[in-house]
Amino acid sequence: MIYPIKLTKFSQKVQSRSDLYCRSGNLTFVNANLLFPLNKVFQYNAEWIYPPVVDLQLLLADYSVGNRDFESFENWLLEIQNGELITDDGYLVHNFHQPFYRIEGPWASGMAQGLLLSCLIRSSTNSSTRTRLIVDVLDTLCKPPLKIETTFGPFVEEFPSKKYSMVLNGFLFSLVGMLEFLLVSEKYDDIDDVKKLSLRSQALSYIETLVDTLPVFFSSSVNSYYDMQGRPADLSYHELHLEQLIAVNSLCEQVFEFSINHSAEHAFKQPTTNKMQGNVISLRKLKNFLFILKNSR
């Protein structure tokens, strides 16, 4: 079962940016001074922080190109457990301050839970008990909340901020994880049918939200929007959005036997160009700078 989203570009970026990323054991740390402008001035984080989503994407990047040796995931999971970064009830936590969305650590990311579920179902030593915990987290209104109710419908948050952010790529990673589990759910005999049916219903409600939000996310004249706080996506994120929509559509056809291609048609027709990338990145950086400056401690 090959992961449906190619993450090789992301993997190459991590490997080539030694100023931004560093390894310690099985974990990848990110330089907060580069990730968050003004971190040096306000010191809202230590210089090096650990975001679990980076490692999960790296693991799935290896798997997406046919690497069948997934033992590295088990080593990563053991280190996460020893560092108490995964709770007894299945939450994978980010233990750092996120200044743009004004979140104090520890906090749980819907994106991380979806990526973790995608990793778990590929692990040769995976236990149903562990998988059940992650499924429960994605399926229920737990605390900290992973989903919010928006004017469009329920949305899985990458960043659980008080003012909902609705980060598109994080939401889609979560949805892919849920759909992948439903695709192989018959393997999990000890996870009852009621729970599987509940997750199926939840996934359908998220797909409905996705269809309703697509016209908004792709209403920008410059690529798509990264989130509902008005930040345009740079070219790499825009291309990721399109690849994720293809993956979601393929999984929808396999799990539910319907297509969202018609709803996503505008997204694929929207022109993308390298010429606008510099302007988009500058606009994003300016908005990030203003938000962080306004909300720094």
# chains A, B, ... in the order shown; residues from 1 in each chain; ligands from 1
call {"tool": "closest_atom_pairs", "arguments": {"of": "segment 99-196 of chain A", "to": "segment 32-46 of chain A", "cutoff": "12 Å", "atoms": "only C-alpha atoms", "output": "JSON lines"}}
result
{"residue": "A:Pro99", "atom": "CA", "partner": "A:Phe36", "partner_atom": "CA", "distance": 7.6}
{"residue": "A:Phe100", "atom": "CA", "partner": "A:Phe36", "partner_atom": "CA", "distance": 8.4}
{"residue": "A:Tyr101", "atom": "CA", "partner": "A:Phe36", "partner_atom": "CA", "distance": 11.5}
{"residue": "A:Arg102", "atom": "CA", "partner": "A:Tyr44", "partner_atom": "CA", "distance": 10.9}
{"residue": "A:Ile103", "atom": "CA", "partner": "A:Tyr44", "partner_atom": "CA", "distance": 11.1}
{"residue": "A:Glu104", "atom": "CA", "partner": "A:Tyr44", "partner_atom": "CA", "distance": 9.7}
{"residue": "A:Gly105", "atom": "CA", "partner": "A:Asn45", "partner_atom": "CA", "distance": 10.1}
call {"tool": "write_last_selection", "arguments": {"atoms": "C-alpha atoms", "output": "PDB file, in the first residue's frame"}}
result
ATOM      1  CA  PRO A  99       3.020  32.421  17.501  1.00  0.00           C
ATOM      2  CA  PHE A 100       1.072  32.875  14.265  1.00  0.00           C
ATOM      3  CA  TYR A 101      -1.973  30.970  15.527  1.00  0.00           C
ATOM      4  CA  ARG A 102      -1.391  31.986  19.163  1.00  0.00           C
ATOM      5  CA  ILE A 103      -1.197  28.440  20.555  1.00  0.00           C
ATOM      6  CA  GLU A 104       0.660  27.513  23.730  1.00  0.00           C
ATOM      7  CA  GLY A 105       2.160  24.032  23.966  1.00  0.00           C
TER       8      GLY A 105
END
call {"tool": "select_by_dssp", "arguments": {"residues": "segment 38-252 of chain A", "states": "strand (DSSP E or B)", "output": "list of chain:residue names"}}
result
A:Trp48, A:Ile49, A:Ile86, A:Leu92, A:Val93, A:His94, A:Gln98, A:Ile103, A:Trp107, A:Ala108, A:Lys147, A:Ile148, A:Glu149, A:Thr150, A:Gly153, A:Pro154, A:Phe155, A:Val156, A:Tyr225, A:Pro232
call {"tool": "residues_around", "arguments": {"residues": "segment 247-260 of chain A", "least_positions_apart": "4", "cutoff": "8 Å", "atoms": "only C-alpha atoms", "output": "PyMOL selection string"}}
result
chain A and resi 4-5+172+175-176+179-180+182-183+211+243+264
call {"tool": "atom_distance", "arguments": {"atom1": "atom CA of Arg132 of chain A", "atom2": "atom CA of Leu115 of chain A"}}
result
14.6 Å
call {"tool": "closest_residue", "arguments": {"among": "A:Glu265, A:Asp88, A:Asp192, A:Glu186", "to": "Ile134 of chain A", "atoms": "only C-alpha atoms"}}
result
A:Asp88
call {"tool": "residues_around", "arguments": {"residues": "Pro154 of chain A", "least_positions_apart": "2", "cutoff": "7 Å", "atoms": "only C-alpha atoms", "output": "VMD selection string"}}
result
chain A and resid 147 to 150 156 205 to 206 209
call {"tool": "write_last_selection", "arguments": {"atoms": "N, CA and C atoms", "output": "PDB file, in the first residue's frame"}}
result
ATOM      1  N   LYS A 147     -11.086  19.007  16.003  1.00  0.00           N
ATOM      2  CA  LYS A 147     -11.978  19.501  14.958  1.00  0.00           C
ATOM      3  C   LYS A 147     -12.803  20.666  15.487  1.00  0.00           C
ATOM      4  N   ILE A 148     -13.259  21.485  14.571  1.00  0.00           N
ATOM      5  CA  ILE A 148     -14.095  22.635  14.904  1.00  0.00           C
ATOM      6  C   ILE A 148     -15.318  22.628  13.994  1.00  0.00           C
ATOM      7  N   GLU A 149     -16.339  23.328  14.416  1.00  0.00           N
ATOM      8  CA  GLU A 149     -17.519  23.520  13.576  1.00  0.00           C
ATOM      9  C   GLU A 149     -17.417  24.890  12.922  1.00  0.00           C
ATOM     10  N   THR A 150     -17.388  24.913  11.610  1.00  0.00           N
ATOM     11  CA  THR A 150     -17.289  26.158  10.864  1.00  0.00           C
ATOM     12  C   THR A 150     -18.608  26.425  10.150  1.00  0.00           C
ATOM     13  N   VAL A 156     -11.096  19.454  10.407  1.00  0.00           N
ATOM     14  CA  VAL A 156     -10.012  18.984  11.264  1.00  0.00           C
ATOM     15  C   VAL A 156      -8.893  20.015  11.233  1.00  0.00           C
ATOM     16  N   SER A 205     -18.747  13.602   6.519  1.00  0.00           N
ATOM     17  CA  SER A 205     -19.051  14.991   6.876  1.00  0.00           C
ATOM     18  C   SER A 205     -17.880  15.907   6.543  1.00  0.00           C
ATOM     19  N   TYR A 206     -16.643  15.399   6.687  1.00  0.00           N
ATOM     20  CA  TYR A 206     -15.468  16.190   6.317  1.00  0.00           C
ATOM     21  C   TYR A 206     -15.375  16.383   4.806  1.00  0.00           C
ATOM     22  N   THR A 209     -17.689  19.095   3.867  1.00  0.00           N
ATOM     23  CA  THR A 209     -17.072  20.385   4.180  1.00  0.00           C
ATOM     24  C   THR A 209     -16.044  20.756   3.127  1.00  0.00           C
TER      25      THR A 209
END
call {"tool": "residues_around", "arguments": {"residues": "Thr129 of chain A", "least_positions_apart": "4", "cutoff": "9 Å", "atoms": "only C-alpha atoms", "output": "JSON, numbers by chain"}}
result
{"A": [133, 190, 191]}
call {"tool": "atom_distance", "arguments": {"atom1": "atom CA of Val54 of chain A", "atom2": "atom CA of Ala108 of chain A"}}
result
14.2 Å
call {"tool": "residues_around", "arguments": {"residues": "Ser220 of chain A", "least_positions_apart": "6", "cutoff": "10 Å", "atoms": "only C-alpha atoms", "output": "list in words"}}
result
Gly230, Arg231, Pro232, Ala233 and Gln270 of chain A
call {"tool": "write_last_selection", "arguments": {"atoms": "C-alpha atoms", "output": "tab-separated table (two decimals), in the first residue's frame"}}
result
chain	number	residue	atom	x	y	z
A	230	GLY	CA	-6.15	34.92	4.07
A	231	ARG	CA	-2.61	33.71	3.42
A	232	PRO	CA	-2.01	32.69	-0.20
A	233	ALA	CA	-0.15	29.42	-0.69
A	270	GLN	CA	-6.71	27.39	-11.95
call {"tool": "select_by_dssp", "arguments": {"residues": "segment 66-258 of chain A", "states": "helix (DSSP H, G or I)", "output": "VMD selection string"}}
result
chain A and resid 71 to 82 110 to 120 128 to 139 168 to 187 193 to 217 235 to 255
call {"tool": "closest_residue", "arguments": {"among": "A:Ala61, A:Leu290, A:Leu117, A:Ile207", "to": "Ser185 of chain A", "atoms": "only C-alpha atoms"}}
result
A:Leu117
call {"tool": "atom_distance", "arguments": {"atom1": "atom CA of Ser72 of chain A", "atom2": "atom CA of Ser123 of chain A"}}
result
9.6 Å
call {"tool": "closest_residue", "arguments": {"among": "A:Val184, A:Val167, A:Leu197, A:Leu146", "to": "Ser224 of chain A", "atoms": "only C-alpha atoms"}}
result
A:Val167
